[in-house]
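Just protein.tsv here, TSV, C-alpha atoms:
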```
chain	number	residue	atom	x	y	z
A	1	MET	CA	79.50	-176.33	1.91
A	2	GLY	CA	81.10	-177.85	4.94
A	3	LEU	CA	84.29	-179.80	5.49
A	4	GLU	CA	82.85	-183.10	4.23
A	5	TYR	CA	82.17	-181.47	0.91
A	6	VAL	CA	85.80	-180.39	0.54
A	7	ARG	CA	87.54	-183.66	1.42
A	8	ILE	CA	88.54	-186.09	-1.34
A	9	SER	CA	86.90	-189.52	-1.17
A	10	PRO	CA	89.42	-192.23	-0.20
A	11	GLY	CA	91.13	-193.76	-3.25
A	12	PHE	CA	90.54	-190.74	-5.50
A	13	GLU	CA	93.57	-188.70	-4.40
A	14	LYS	CA	95.70	-189.70	-7.41
A	15	TYR	CA	92.99	-188.72	-9.91
A	16	MET	CA	92.37	-185.25	-8.54
A	17	PRO	CA	94.21	-182.20	-9.95
A	18	LYS	CA	97.43	-181.35	-8.08
A	19	ASP	CA	96.15	-177.91	-7.09
A	20	TYR	CA	93.08	-179.41	-5.45
A	21	VAL	CA	95.06	-182.02	-3.52
A	22	ASP	CA	97.39	-179.26	-2.31
A	23	LEU	CA	94.38	-177.21	-1.27
A	24	VAL	CA	93.01	-180.03	0.90
A	25	GLN	CA	96.38	-181.08	2.33
A	26	TYR	CA	98.13	-177.73	2.79
A	27	GLY	CA	95.20	-175.32	2.58
A	28	GLN	CA	93.06	-173.37	5.00
A	29	PHE	CA	90.17	-175.77	5.34
A	30	GLY	CA	89.55	-176.91	8.88
A	31	ARG	CA	92.38	-174.99	10.52
A	32	GLN	CA	92.91	-171.45	11.69
A	33	ILE	CA	95.51	-169.61	9.60
A	34	ASP	CA	97.28	-166.47	10.70
A	35	VAL	CA	97.65	-163.99	7.85
A	36	GLN	CA	101.38	-163.75	8.62
A	37	GLN	CA	101.67	-167.30	7.30
A	38	LEU	CA	100.82	-166.17	3.75
A	39	GLY	CA	103.19	-167.82	1.30
A	40	GLN	CA	103.55	-170.92	3.48
A	41	PHE	CA	100.21	-172.60	2.71
A	42	LYS	CA	98.07	-173.21	-0.37
A	43	GLU	CA	95.77	-170.23	-0.68
A	44	LEU	CA	92.05	-170.46	-1.43
A	45	VAL	CA	92.21	-168.07	-4.35
A	46	GLU	CA	93.87	-169.30	-7.52
A	47	GLU	CA	95.45	-167.61	-10.55
A	48	HIS	CA	93.13	-164.87	-11.78
A	49	PRO	CA	93.00	-162.48	-14.74
A	50	MET	CA	93.27	-159.21	-12.78
A	51	CYS	CA	95.88	-156.67	-13.90
A	52	ALA	CA	99.50	-156.85	-12.74
A	53	GLY	CA	99.98	-154.94	-9.51
A	54	CYS	CA	96.26	-154.56	-8.82
A	55	PHE	CA	95.74	-153.76	-5.16
A	56	MET	CA	92.16	-154.97	-5.32
A	57	ALA	CA	93.62	-158.40	-6.11
A	58	TYR	CA	95.90	-157.99	-3.10
A	59	PHE	CA	93.00	-157.09	-0.83
A	60	ILE	CA	91.07	-160.14	-2.07
A	61	ARG	CA	94.09	-162.37	-1.40
A	62	VAL	CA	94.26	-161.15	2.19
A	63	PHE	CA	90.46	-161.36	2.48
A	64	TYR	CA	90.49	-165.09	1.71
A	65	ALA	CA	93.37	-165.72	4.09
A	66	ALA	CA	91.43	-163.90	6.82
A	67	LEU	CA	88.14	-165.81	6.55
A	68	PRO	CA	87.34	-167.37	9.93
A	69	ASN	CA	85.48	-170.35	8.41
A	70	PRO	CA	86.10	-170.66	4.67
A	71	GLU	CA	84.25	-173.97	4.43
A	72	ASP	CA	81.07	-172.36	5.79
A	73	THR	CA	81.20	-169.12	3.83
A	74	ILE	CA	79.48	-167.90	0.67
A	75	VAL	CA	80.85	-164.88	-1.16
A	76	ILE	CA	78.60	-162.69	-3.28
A	77	GLY	CA	79.93	-160.35	-5.91
A	78	THR	CA	78.74	-158.50	-8.94
A	79	ALA	CA	79.97	-157.04	-12.21
A	80	GLY	CA	83.23	-155.16	-11.80
A	81	CYS	CA	86.87	-156.03	-11.32
A	82	ALA	CA	86.54	-157.88	-8.00
A	83	ARG	CA	84.53	-160.75	-9.42
A	84	LEU	CA	87.45	-161.75	-11.67
A	85	ALA	CA	89.39	-162.98	-8.64
A	86	LEU	CA	86.45	-163.86	-6.39
A	87	SER	CA	85.19	-166.41	-8.91
A	88	GLN	CA	88.61	-168.15	-8.94
A	89	ALA	CA	88.54	-169.15	-5.28
A	90	ALA	CA	87.64	-172.41	-3.55
A	91	VAL	CA	84.75	-170.73	-1.74
A	92	PRO	CA	81.22	-170.77	-3.23
A	93	PHE	CA	80.64	-167.58	-5.19
A	94	VAL	CA	77.27	-166.16	-6.23
A	95	TYR	CA	77.17	-163.60	-9.01
A	96	GLY	CA	74.44	-161.07	-8.30
A	97	ASN	CA	73.17	-158.85	-11.09
A	98	TYR	CA	74.69	-155.39	-11.06
A	99	GLY	CA	73.43	-153.67	-7.94
A	100	ASP	CA	71.42	-156.43	-6.30
A	101	THR	CA	74.21	-158.09	-4.31
A	102	ASN	CA	72.81	-157.09	-0.93
A	103	ALA	CA	69.29	-158.22	-1.84
A	104	VAL	CA	70.64	-161.63	-2.92
A	105	ALA	CA	72.72	-161.82	0.24
A	106	SER	CA	69.68	-161.02	2.42
A	107	GLY	CA	67.70	-163.91	0.95
A	108	LEU	CA	70.64	-166.28	1.07
A	109	LYS	CA	71.45	-165.51	4.70
A	110	ARG	CA	67.83	-166.02	5.75
A	111	ALA	CA	67.62	-169.30	3.85
A	112	LEU	CA	70.88	-170.55	5.40
A	113	THR	CA	69.63	-169.64	8.89
A	114	ILE	CA	66.52	-171.78	8.32
A	115	ARG	CA	68.37	-174.66	6.64
A	116	PHE	CA	71.25	-174.81	9.17
A	117	PRO	CA	69.78	-173.53	12.45
A	118	ASP	CA	72.60	-174.96	14.59
A	119	LYS	CA	75.54	-173.88	12.39
A	120	GLU	CA	77.16	-170.52	11.65
A	121	LYS	CA	77.11	-169.82	7.91
A	122	ASP	CA	78.77	-166.58	6.86
A	123	VAL	CA	77.60	-164.54	3.90
A	124	VAL	CA	79.97	-161.86	2.63
A	125	VAL	CA	79.24	-159.35	-0.10
A	126	ILE	CA	82.37	-157.99	-1.73
A	127	ALA	CA	81.71	-155.55	-4.55
A	128	GLY	CA	83.03	-152.32	-5.93
A	129	ASP	CA	82.01	-148.72	-5.40
A	130	GLY	CA	79.75	-148.82	-8.49
A	131	GLY	CA	77.97	-151.99	-7.42
A	132	LEU	CA	77.32	-150.91	-3.84
A	133	ILE	CA	77.10	-147.13	-3.65
A	134	ASP	CA	76.08	-146.06	-7.19
A	135	ILE	CA	73.92	-148.64	-8.92
A	136	GLY	CA	73.20	-150.85	-5.92
A	137	PHE	CA	72.67	-147.96	-3.52
A	138	GLY	CA	69.00	-148.67	-2.76
A	139	MET	CA	69.47	-152.36	-2.08
A	140	THR	CA	72.62	-151.80	-0.03
A	141	MET	CA	70.91	-149.21	2.16
A	142	HIS	CA	67.75	-151.27	2.58
A	143	SER	CA	69.65	-154.38	3.61
A	144	TRP	CA	71.20	-152.24	6.36
A	145	PHE	CA	67.84	-150.71	7.35
A	146	ARG	CA	66.45	-154.25	7.70
A	147	ARG	CA	69.50	-155.14	9.84
A	148	GLU	CA	70.34	-158.24	7.80
A	149	LYS	CA	73.13	-160.23	9.42
A	150	PHE	CA	75.88	-160.30	6.83
A	151	THR	CA	79.07	-158.43	5.97
A	152	THR	CA	79.37	-155.91	3.14
A	153	ILE	CA	82.86	-155.06	1.91
A	154	MET	CA	83.33	-152.24	-0.56
A	155	VAL	CA	86.52	-152.45	-2.59
A	156	ASP	CA	86.70	-148.82	-3.61
A	157	ASN	CA	88.83	-148.11	-6.68
A	158	GLU	CA	87.15	-144.71	-7.17
A	159	VAL	CA	86.34	-145.36	-10.85
A	160	TYR	CA	84.49	-147.72	-13.19
A	161	GLY	CA	87.69	-149.57	-14.10
A	162	ASN	CA	86.15	-152.29	-16.27
A	163	THR	CA	84.39	-150.03	-18.72
A	164	GLY	CA	87.03	-147.43	-19.52
A	165	GLY	CA	87.18	-144.99	-16.62
A	166	GLN	CA	83.83	-143.31	-15.94
A	167	GLU	CA	83.56	-141.35	-12.70
A	168	SER	CA	81.70	-142.99	-9.84
A	169	GLY	CA	80.08	-141.53	-6.76
A	170	MET	CA	83.23	-142.48	-4.86
A	171	SER	CA	85.70	-140.67	-7.15
A	172	PRO	CA	87.32	-137.75	-5.32
A	173	LYS	CA	86.22	-134.22	-6.24
A	174	GLY	CA	88.09	-132.67	-9.16
A	175	VAL	CA	89.68	-135.86	-10.46
A	176	GLN	CA	89.98	-136.11	-14.25
A	177	LEU	CA	89.36	-139.53	-15.74
A	178	LYS	CA	89.35	-140.87	-19.27
A	179	MET	CA	85.56	-140.72	-19.51
A	180	ALA	CA	85.21	-137.70	-17.18
A	181	PRO	CA	87.42	-135.11	-18.91
A	182	LYS	CA	85.92	-132.07	-17.17
A	183	GLY	CA	86.84	-133.41	-13.77
A	184	LYS	CA	84.41	-134.58	-11.14
A	185	GLN	CA	82.17	-131.79	-9.88
A	186	PHE	CA	80.95	-133.33	-6.62
A	187	ASP	CA	82.42	-134.64	-3.41
A	188	LYS	CA	83.20	-138.26	-2.68
A	189	ILE	CA	80.25	-139.93	-0.95
A	190	ASN	CA	80.86	-140.55	2.74
A	191	ALA	CA	79.97	-144.24	2.78
A	192	VAL	CA	81.17	-144.84	6.33
A	193	GLU	CA	78.80	-142.27	7.83
A	194	LEU	CA	75.95	-143.60	5.69
A	195	ALA	CA	76.57	-147.10	7.02
A	196	LYS	CA	76.59	-145.88	10.62
A	197	THR	CA	73.34	-143.98	10.11
A	198	ALA	CA	71.68	-146.89	8.33
A	199	GLY	CA	72.20	-149.25	11.24
A	200	CYS	CA	75.47	-151.14	10.70
A	201	VAL	CA	76.87	-152.43	14.00
A	202	TYR	CA	80.52	-152.50	12.87
A	203	VAL	CA	82.01	-150.06	10.36
A	204	ALA	CA	85.64	-149.79	9.29
A	205	LYS	CA	87.63	-147.88	6.73
A	206	LEU	CA	91.14	-148.81	5.69
A	207	ALA	CA	93.83	-148.72	3.06
A	208	PRO	CA	95.57	-152.07	2.44
A	209	THR	CA	98.97	-151.25	3.87
A	210	ASN	CA	99.04	-153.65	6.80
A	211	PRO	CA	97.92	-157.25	6.14
A	212	LYS	CA	97.56	-158.07	9.83
A	213	ARG	CA	95.19	-155.17	10.38
A	214	ILE	CA	93.15	-155.99	7.25
A	215	ALA	CA	92.74	-159.56	8.44
A	216	LYS	CA	91.72	-158.48	11.94
A	217	THR	CA	89.16	-156.05	10.55
A	218	ILE	CA	87.63	-158.61	8.19
A	219	ARG	CA	87.47	-161.23	10.90
A	220	ARG	CA	85.80	-158.80	13.29
A	221	ALA	CA	83.29	-157.73	10.65
A	222	ILE	CA	82.31	-161.34	9.95
A	223	LEU	CA	82.07	-162.30	13.64
A	224	ALA	CA	79.98	-159.25	14.46
A	225	ALA	CA	77.64	-159.98	11.53
A	226	ARG	CA	76.96	-163.48	12.90
A	227	HIS	CA	75.30	-162.23	16.06
A	228	PHE	CA	74.39	-158.56	15.86
A	229	GLY	CA	73.57	-157.13	12.46
A	230	PRO	CA	74.99	-155.69	9.26
A	231	THR	CA	78.68	-154.79	9.12
A	232	PHE	CA	80.55	-152.71	6.58
A	233	ILE	CA	84.17	-152.29	5.51
A	234	HIS	CA	85.27	-149.54	3.16
A	235	ALA	CA	88.64	-150.48	1.64
A	236	TYR	CA	90.74	-148.33	-0.65
A	237	THR	CA	91.95	-150.53	-3.51
A	238	SER	CA	93.50	-148.27	-6.14
A	239	CYS	CA	93.05	-148.79	-9.88
A	240	ASN	CA	96.58	-148.50	-11.22
A	241	ILE	CA	95.35	-148.52	-14.84
A	242	GLU	CA	92.75	-145.73	-14.73
A	243	TYR	CA	94.70	-143.61	-12.25
A	244	SER	CA	97.99	-144.25	-14.13
A	245	ILE	CA	99.93	-145.44	-11.09
A	246	PRO	CA	103.07	-147.38	-12.10
A	247	THR	CA	102.68	-150.90	-10.68
A	248	GLU	CA	105.73	-150.67	-8.43
A	249	LYS	CA	104.31	-147.48	-6.86
A	250	VAL	CA	100.93	-148.98	-5.94
A	251	LEU	CA	101.87	-149.65	-2.32
A	252	GLU	CA	103.46	-146.21	-2.06
A	253	ASP	CA	100.19	-144.70	-3.31
A	254	ALA	CA	98.18	-146.67	-0.75
A	255	ARG	CA	100.50	-145.45	2.02
A	256	LYS	CA	100.11	-141.88	0.78
A	257	ARG	CA	96.31	-142.12	0.67
A	258	GLU	CA	96.32	-143.66	4.13
A	259	LYS	CA	97.96	-140.50	5.45
A	260	GLN	CA	95.56	-138.24	3.51
A	261	ASP	CA	91.98	-139.50	3.71
A	262	PHE	CA	92.05	-143.27	4.23
A	263	GLY	CA	93.47	-143.47	7.74
A	264	PHE	CA	92.35	-146.56	9.64
A	265	TYR	CA	88.96	-145.97	11.21
A	266	GLU	CA	86.89	-148.42	13.18
A	267	TRP	CA	83.52	-147.90	14.82
A	268	MET	CA	81.27	-150.38	16.59
A	269	THR	CA	78.30	-150.42	18.91
A	270	ASP	CA	78.79	-151.02	22.63
A	271	GLU	CA	77.42	-154.57	22.56
A	272	VAL	CA	79.81	-155.53	19.72
A	273	LYS	CA	82.69	-154.01	21.69
A	274	GLU	CA	81.78	-156.10	24.74
A	275	TYR	CA	81.57	-159.20	22.56
A	276	PHE	CA	85.07	-158.67	21.11
A	277	GLU	CA	86.51	-157.96	24.54
A	278	GLU	CA	85.04	-161.24	25.76
A	279	ILE	CA	86.44	-163.17	22.77
A	280	GLU	CA	89.89	-161.66	23.21
A	281	LYS	CA	89.84	-162.47	26.92
A	282	GLN	CA	88.92	-166.08	26.16
A	283	SER	CA	91.68	-166.47	23.55
A	284	GLN	CA	94.24	-165.07	25.99
A	285	GLU	CA	93.08	-167.56	28.62
A	286	VAL	CA	93.50	-170.39	26.10
A	287	LYS	CA	97.05	-169.22	25.33
A	288	ALA	CA	97.90	-168.97	29.01
B	289	MET	CA	109.70	-163.12	-22.98
B	290	TYR	CA	108.31	-162.42	-19.55
B	291	TYR	CA	109.21	-159.82	-16.97
B	292	VAL	CA	109.37	-161.57	-13.61
B	293	ALA	CA	110.79	-161.08	-10.13
B	294	GLU	CA	113.82	-163.08	-9.05
B	295	VAL	CA	114.94	-163.49	-5.45
B	296	LYS	CA	118.67	-163.58	-4.64
B	297	GLU	CA	118.27	-166.46	-2.23
B	298	SER	CA	121.65	-166.20	-0.53
B	299	ASP	CA	120.99	-162.54	0.35
B	300	CYS	CA	117.37	-163.11	1.28
B	301	ALA	CA	118.13	-165.97	3.67
B	302	LYS	CA	120.11	-163.59	5.90
B	303	TYR	CA	117.04	-161.63	6.90
B	304	ASN	CA	114.15	-164.12	7.34
B	305	CYS	CA	111.73	-161.16	6.99
B	306	LYS	CA	108.94	-162.34	4.60
B	307	GLN	CA	107.59	-158.83	4.03
B	308	CYS	CA	107.57	-159.14	0.21
B	309	VAL	CA	105.47	-162.32	0.47
B	310	LEU	CA	102.87	-160.45	2.52
B	311	PHE	CA	102.48	-157.71	-0.11
B	312	CYS	CA	102.38	-159.70	-3.37
B	313	PRO	CA	98.95	-159.27	-5.03
B	314	GLU	CA	99.10	-162.68	-6.69
B	315	PRO	CA	98.15	-165.81	-4.74
B	316	ASN	CA	100.61	-168.75	-4.52
B	317	THR	CA	103.25	-166.81	-6.47
B	318	LEU	CA	105.84	-165.28	-4.15
B	319	MET	CA	106.25	-168.07	-1.61
B	320	PHE	CA	108.36	-168.58	1.50
B	321	HIS	CA	110.57	-171.64	1.88
B	322	ASP	CA	110.29	-172.95	5.44
B	323	SER	CA	113.67	-174.68	5.73
B	324	LYS	CA	115.80	-172.40	3.53
B	325	HIS	CA	114.24	-169.29	5.17
B	326	THR	CA	114.05	-167.48	1.86
B	327	ALA	CA	111.37	-166.16	-0.45
B	328	TRP	CA	111.09	-167.78	-3.88
B	329	VAL	CA	109.09	-166.98	-7.01
B	330	ASN	CA	106.80	-169.25	-8.99
B	331	TYR	CA	107.88	-167.77	-12.34
B	332	SER	CA	104.94	-169.05	-14.38
B	333	ARG	CA	102.54	-167.10	-12.14
B	334	CYS	CA	104.45	-163.83	-11.66
B	335	LYS	CA	102.92	-160.90	-13.56
B	336	GLY	CA	105.93	-158.61	-13.08
B	337	CYS	CA	104.36	-155.78	-11.08
B	338	ALA	CA	107.52	-155.23	-8.97
B	339	ILE	CA	105.67	-154.39	-5.73
B	340	CYS	CA	108.02	-156.88	-4.03
B	341	VAL	CA	111.00	-154.86	-5.32
B	342	TYR	CA	109.48	-151.71	-3.82
B	343	VAL	CA	109.02	-153.47	-0.47
B	344	CYS	CA	112.49	-155.05	-0.44
B	345	SER	CA	114.56	-152.22	-1.91
B	346	ASP	CA	112.72	-148.95	-1.22
B	347	LEU	CA	111.07	-149.70	2.13
B	348	LEU	CA	113.51	-152.14	3.74
B	349	LYS	CA	116.74	-151.26	1.82
B	350	ARG	CA	117.69	-154.93	1.51
B	351	ASN	CA	117.91	-155.25	-2.29
B	352	CYS	CA	117.28	-158.99	-2.45
B	353	ILE	CA	114.81	-158.98	-5.36
B	354	GLN	CA	115.42	-157.88	-8.94
B	355	MET	CA	113.29	-157.92	-12.08
B	356	VAL	CA	114.58	-160.10	-14.94
B	357	MET	CA	113.45	-161.02	-18.44
B	358	MET	CA	112.71	-164.70	-18.83
B	359	THR	CA	111.78	-166.87	-21.79
B	360	ALA	CA	109.00	-169.41	-21.50
B	361	GLY	CA	110.46	-172.77	-20.52
B	362	ASP	CA	113.37	-171.36	-18.49
```
Could you show the structure in this file as C-alpha cells?
Amino acid sequence: MGLEYVRISPGFEKYMPKDYVDLVQYGQFGRQIDVQQLGQFKELVEEHPMCAGCFMAYFIRVFYAALPNPEDTIVIGTAGCARLALSQAAVPFVYGNYGDTNAVASGLKRALTIRFPDKEKDVVVIAGDGGLIDIGFGMTMHSWFRREKFTTIMVDNEVYGNTGGQESGMSPKGVQLKMAPKGKQFDKINAVELAKTAGCVYVAKLAPTNPKRIAKTIRRAILAARHFGPTFIHAYTSCNIEYSIPTEKVLEDARKREKQDFGFYEWMTDEVKEYFEEIEKQSQEVKA
Amino acid sequence: MYYVAEVKESDCAKYNCKQCVLFCPEPNTLMFHDSKHTAWVNYSRCKGCAICVYVCSDLLKRNCIQMVMMTAGD
C-alpha cells in the first residue's frame, strides 16, 4: 500500500506487463480523477468474468473510478458476484468468509489505525445482499453498533445470483425466482432504516443511473467514514440473468426502478453535513 | 464469431458526447479518443451487451453505435 509500492523501479519498465505500465503512467494513482473522464485513463479494474451487461460490474467500475485514494485503500468482499470483479483490480482485496466481511474490516481498520497513525487508510466493504443482510447480518449490524470507521456498500441484486436464483431477504415481495417458485412471501428488508438506527453517520440509497452522482456518494461515504463512524450505501445492481432482463434493457430497468422504489436518498448526521459544507467551501476557494 | 459493438466514428465525432463510455459495464473497453473526439471499442474486450446502443440510439437518438458479428483476428 502506498504510492511507493505502486511505482516501477527504474530500469524495469520494459520488463513489466503493458497493462501494468499503462496503469502507472495513465492510471489513477497519485492524481484525482473525475468520473466524467472514464474512458480516457487506464482504469484500476481489469477484465473480469462477470456476465455481459451486468450492472453490478458497472457499479464496481464507477466505484473504482470514484475512490479518493486508491493507493491507500483496501477493499473487502465475500462470496457472491461482486468478488469476481473486485479481485481483478489494482487495489488490495481481502476475501472474507461468507458473512464476516464487516468483522474482518473492523479488525483491519483498527490495525491500520495503529500501524499508520499519521495516514488515512480507507477500508471499504463491498458485498451483496446475501453477504451483508442475510448471512452476515449479525456482523454487519454489530460493526455499526460499535461505530467502526469504515464504509459498507451493499450491491443489491435482490437474489442469490451465483447459486441459481434463491430468494434473499432483499428480494421484493411476491417475486418468483428459479429457486423460489411460490413467490416471496415477505417484504424487502429496509436496510437503509436499519443502518440509520444502528448508528451509521452517512446513509445513501441509489440506482446506478448517474455516474457523477454515484461517484459523489461513494466519495462522501469514504470521507465521512475517515472521521466520524460507519457509513452505508445501498445500491441497486440488477441481476439480468436471474431476473431475465435483456442486456440492452438493463439501464432502462435501473431507470424504471429508480422511479419506483430506488429514488436517490441521502441522509447524514449534522456534524457530517458541516464537514462536507466545509470541504466544498474549501474546494471552491481553491478553484477561485 | 463474436457479437461486439462498433462505433461509426464519423457520426460519433460530430457530437463529442461520451455518454456511452460512461455507461459501459466493462472497464477499458469502450474508450474515448481525445484528439479524434470519438468513442472507440476495444473489440477483444467487448462482451456484446449493447447497453451503449441503448444509450446512443434509444436515449440520445444519435444512432452512432451498431452491433456487428466479428471473427477472432479481425
- Interatomic distance (Å, one decimal) between CA of Leu67 (chain A) and CA of Met16 (chain A):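 About the pair CA of Leu67 (chain A) and CA of Met16 (chain A): they are 25.0 Å apart.
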- Atom-to-atom span, CA of Gly138 (chain A) and CA of Glu167 (chain A), Å: 19.1 Å
- Message: Distance limit 10 Å, atoms considered: only C-alpha atoms. Which chain B residues sit that close to chain A? Return them as a ChimeraX atom specification.
- Response: /B:306-322,327-328,333-343,346-347
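Take CA of Tyr290 (chain B) and CA of Ile353 (chain B): the distance between them is 16.0 Å.
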- Message: Within 7 Å of (75.6, -155.5, -11.1) in the file's own coordinates, which protein, DNA or RNA residues have an atom, counting all atoms listed in the file? List them as a ChimeraX atom specification.
- Response: /A:78-79,96-100,131
- For Val175 (chain A), work out the shell of residues within 12 Å, counting all atoms listed in the file and skipping chain neighbours fewer than 2 positions away, then give it as a PyMOL selection string. chain A and resi 158-159+165-173+177-188+242-243
- Query: Using all atoms listed in the file, can you list as number ranges by chain the residues within 12 Å of (90.7, -160.1, 12.4)?
  - Reply: A: 32-36, 62-68, 204, 210-224, 276, 279-280
- Minimum-distance residue to Met358 (chain B), chosen among B:Tyr303, B:Ser298, B:Ser323, B:Tyr331 (using only C-alpha atoms): B:Tyr331
- Message: When you look at region 226-231 of chain A with a cut-off of 8 Å (counting all atoms listed in the file), what residues show up, excluding the ones that are within fewer than 6 positions of it in the same chain? I need them as JSON, numbers by chain.
- Response: {"A": [120, 122, 143, 144, 147, 148, 149, 150, 151, 152, 199, 200, 201, 202, 203, 272]}
Give the padded box for region 129-142 of chain A as lines of an AutoDock Vina configuration file: axis-aligned, covering all atoms listed in the file, 3 Å on each side, centre and edge lengths in Å to one decimal.
```
center_x = 74.9
center_y = -149.2
center_z = -3.2
size_x = 20.3
size_y = 12.3
size_z = 17.5
```
- Go through A:Ala191, A:Leu108, A:Met154, A:Ala254 and flag the residue nearest Asp129 (chain A), using all atoms listed in the file for the distances.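 So, comparing all the options, the nearest one is A:Met154.
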